[in-house]
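**Student:** See my_file_18.txt below, with compact mmCIF, C-alpha atoms (C1' of nucleotides).
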# COMPACT_ATOMS: atom_id res chain seq x y z
CA MET H 1 0.00 0.00 0.00
CA PRO H 2 1.53 3.30 -1.16
CA ASN H 3 1.91 6.41 0.96
CA LEU H 4 1.41 4.47 4.16
CA PRO H 5 1.88 7.27 6.74
CA ALA H 6 -0.73 9.56 5.20
CA TYR H 7 -3.17 6.70 4.63
CA THR H 8 -2.83 5.62 8.24
CA GLN H 9 -3.68 9.10 9.48
CA ILE H 10 -6.69 9.29 7.21
CA GLN H 11 -7.99 5.92 8.34
CA GLN H 12 -7.44 6.61 12.03
CA THR H 13 -9.28 9.91 11.71
CA LEU H 14 -12.13 8.30 9.81
CA LYS H 15 -12.62 5.83 12.63
CA LEU H 16 -13.43 8.78 14.92
CA VAL H 17 -16.46 9.77 12.85
CA PRO H 18 -19.56 8.63 14.78
CA ALA H 19 -22.42 6.67 13.25
CA GLY H 20 -25.21 8.90 12.08
CA THR H 21 -22.86 11.68 10.99
CA VAL H 22 -20.95 12.38 7.79
CA VAL H 23 -17.83 14.24 6.66
CA SER H 24 -16.58 15.48 3.32
CA TYR H 25 -13.37 14.24 1.72
CA GLY H 26 -11.81 17.65 2.20
CA GLN H 27 -12.91 17.95 5.82
CA LEU H 28 -11.49 14.52 6.58
CA ALA H 29 -8.21 15.47 4.95
CA ASP H 30 -8.04 18.63 7.05
CA LEU H 31 -8.78 16.76 10.29
CA ALA H 32 -6.12 14.18 9.38
CA GLY H 33 -3.56 16.95 9.16
CA LEU H 34 -3.46 16.93 5.36
CA PRO H 35 -5.09 20.22 4.34
CA GLY H 36 -6.18 20.44 0.72
CA ARG H 37 -5.66 16.76 0.03
CA ALA H 38 -9.25 15.64 -0.55
CA ARG H 39 -8.24 13.52 -3.54
CA LEU H 40 -5.75 11.65 -1.42
CA VAL H 41 -8.63 10.60 0.82
CA GLY H 42 -10.45 9.22 -2.19
CA ARG H 43 -7.44 7.19 -3.31
CA CYS H 44 -6.94 5.97 0.23
CA LEU H 45 -10.48 4.65 0.54
CA LYS H 46 -10.31 3.02 -2.87
CA GLU H 47 -7.27 0.99 -1.89
CA ALA H 48 -8.51 0.29 1.61
CA GLY H 49 -11.51 -1.55 0.16
CA SER H 50 -14.01 -2.38 2.93
CA GLU H 51 -11.28 -2.65 5.54
CA ALA H 52 -13.56 -2.23 8.57
CA LEU H 53 -13.74 1.50 7.88
CA PRO H 54 -16.92 3.62 7.98
CA TRP H 55 -16.24 4.64 4.38
CA HIS H 56 -19.94 5.29 3.77
CA ARG H 57 -19.79 8.38 6.03
CA VAL H 58 -17.57 10.21 3.55
CA LEU H 59 -19.34 12.43 1.02
CA ARG H 60 -18.45 15.17 -1.40
CA ALA H 61 -18.25 18.76 -0.17
CA ASP H 62 -21.79 19.41 -1.40
CA GLY H 63 -23.16 16.38 0.45
CA LYS H 64 -23.53 14.15 -2.58
CA ILE H 65 -22.42 10.53 -2.74
CA ALA H 66 -19.28 10.43 -4.86
CA PHE H 67 -20.20 7.31 -6.84
CA PRO H 68 -22.33 7.71 -9.94
CA ALA H 69 -26.01 7.79 -8.96
CA GLY H 70 -27.58 4.42 -9.65
CA SER H 71 -24.34 2.45 -9.40
CA ASP H 72 -24.08 -0.52 -7.03
CA ALA H 73 -21.58 1.31 -4.84
CA ALA H 74 -23.80 4.38 -4.57
CA GLY H 75 -26.75 2.17 -3.67
CA GLU H 76 -24.86 0.41 -0.92
CA GLN H 77 -23.59 3.67 0.53
CA ARG H 78 -27.12 5.06 0.53
CA GLN H 79 -28.42 2.00 2.37
CA ARG H 80 -25.67 2.12 4.98
CA LEU H 81 -26.36 5.79 5.67
CA ILE H 82 -30.10 5.27 5.93
CA ALA H 83 -29.49 2.35 8.29
CA GLU H 84 -27.70 4.81 10.59
CA GLY H 85 -30.53 7.30 10.51
CA VAL H 86 -28.96 9.66 8.00
CA MET H 87 -31.56 11.09 5.64
CA VAL H 88 -30.51 10.70 2.02
CA ARG H 89 -32.52 12.44 -0.68
CA ASN H 90 -31.49 11.70 -4.27
CA TYR H 91 -28.03 10.50 -3.28
CA ARG H 92 -27.51 13.69 -1.28
CA VAL H 93 -27.28 14.54 2.44
CA LYS H 94 -27.76 17.88 4.16
CA LEU H 95 -24.37 18.57 5.73
CA SER H 96 -25.92 21.30 7.89
CA GLU H 97 -27.99 18.57 9.50
CA PHE H 98 -25.74 15.50 9.57
CA GLY H 99 -22.25 16.94 9.15
CA TRP H 100 -19.84 15.89 11.89
CA GLN H 101 -18.59 18.64 14.19
CA PRO H 102 -15.80 17.16 16.31
CA ASP H 103 -15.78 18.35 19.92
CA SER H 104 -12.68 19.96 21.40
CA TYR H 105 -11.74 16.77 23.24
CA THR H 106 -11.77 14.66 20.09
CA LEU H 107 -9.89 17.37 18.25
CA LEU H 108 -7.25 17.51 20.96
CA HIS H 109 -6.91 13.73 21.05
CA ARG H 110 -6.48 13.69 17.30
CA LEU H 111 -3.54 16.06 17.48
CA GLN H 112 -1.46 13.45 19.31
CA PHE H 113 -0.82 11.27 16.31
C1' DA V 1 10.43 10.87 -18.10
C1' DG V 2 5.95 12.54 -19.56
C1' DG V 3 0.86 12.08 -20.12
C1' DT V 4 -3.43 10.42 -18.17
C1' DT V 5 -6.61 9.63 -14.45
C1' DG V 6 -9.69 10.32 -10.89
C1' DA V 7 -14.39 7.84 -4.05
C1' DC V 8 -12.17 16.15 -4.81
C1' DG V 9 -13.17 21.23 -4.38
C1' DG V 10 -13.92 26.06 -5.51
C1' DT V 11 -15.44 29.36 -9.05
C1' DT V 12 -18.11 30.84 -12.72
C1' DG V 13 -21.90 31.19 -16.07
C1' DG N 1 -29.41 23.65 -8.99
C1' DC N 2 -26.43 22.26 -12.74
C1' DA N 3 -22.56 21.87 -15.73
C1' DA N 4 -18.33 23.23 -17.52
C1' DC N 5 -13.69 24.60 -16.18
C1' DC N 6 -9.57 24.67 -13.68
C1' DG N 7 -6.21 23.54 -9.85
C1' DC N 8 -4.65 19.79 -7.45
C1' DC N 9 -1.33 15.47 -6.91
C1' DA N 10 -0.14 10.47 -6.22
C1' DA N 11 -0.88 6.39 -8.71
C1' DC N 12 -0.55 4.27 -12.98
C1' DC N 13 0.33 3.52 -17.49
Would you encode the structure as structure tokens?
**Tutor:**
Amino acid sequence: MPNLPAYTQIQQTLKLVPAGTVVSYGQLADLAGLPGRARLVGRCLKEAGSEALPWHRVLRADGKIAFPAGSDAAGEQRQRLIAEGVMVRNYRVKLSEFGWQPDSYTLLHRLQF
DNA sequence: AGGTTGACGGTTG
DNA sequence: GCAACCGCCAACC
């Protein structure tokens, strides 16, 4: 697996995202200490496969599921989100309603990587 | 070594 | 709200 250190940070940070909430690729990159590296998050998740990560909680900055609407992957992500109580309308989620806002404790803990 | 490719994001029309 | 562009950058020809 390429770029191991960065990928590890991304995955550890993703594990902190609680069920029922979502984050954007860019937000996750920022929280992982990799500002502006949203695309790296995408590559990371692609290689990680379904490695026990809550990958379905990661959406685009506008709240849309990144996979093409109607694809198998998009359908599965939609189901997983709904199963957690996240409202998904046309492959889109209201970030103002379900977006994750890490508390100061979590934020502090994250800084000790 | 150089061109292409995206699980992205911000701007613009 | 949508689509076309453009900047981005590591992986992959």
**Student:** Can you work out which residues from chain V touch chain H at a cut-off of 12 Å (counting only C-alpha atoms (C1' of nucleotides)) and hand them back as a compact mmCIF listing (two decimals) with C-alpha atoms (C1' of nucleotides), in the coordinates of the input?
**Tutor:**
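That gives us iface.txt:
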# COMPACT_ATOMS: atom_id res chain seq x y z
C1' DT V 5 -6.61 9.63 -14.45
C1' DG V 6 -9.69 10.32 -10.89
C1' DA V 7 -14.39 7.84 -4.05
C1' DC V 8 -12.17 16.15 -4.81
C1' DG V 9 -13.17 21.23 -4.38
C1' DG V 10 -13.92 26.06 -5.51
**Student:** Dig up all the protein and nucleic acid residues within 12 Å of (-18.3, 13.4, 6.3) in the file frame, using only C-alpha atoms (C1' of nucleotides), and format them as a count of residues only.
**Tutor:** 47
**Student:** Hey, which of H:Gln12, H:Ala32, H:Arg78, H:Glu47 ends up closest to chain N? Count all atoms listed in the file.
**Tutor:**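 Distance minimum relative to chain N lands on H:Glu47.
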**Student:** What gap, in Å, lies between atom C1' of V:DG13 and atom C1' of N:DG7?
**Tutor:**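 Pair atom C1' of V:DG13 / atom C1' of N:DG7 returns 18.5 Å.
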**Student:** Provide as a list of chain:residue names the residues of chain N at most 9 Å from chain H, counting all atoms listed in the file.
**Tutor:**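 Only these qualify: N:DC8, N:DC9, N:DA10, N:DA11.
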**Student:** How many Å separate atom CA of H:Ala6 from atom CA of H:Ala48?
**Tutor:**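 Distance between the two atoms: 12.6 Å.
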**Student:** State, in Å with one decimal place, the distance from atom CA of H:Leu53 to atom CA of H:Gly70.
**Tutor:**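 One can read the atom CA of H:Leu53 to atom CA of H:Gly70 distance as 22.5 Å.
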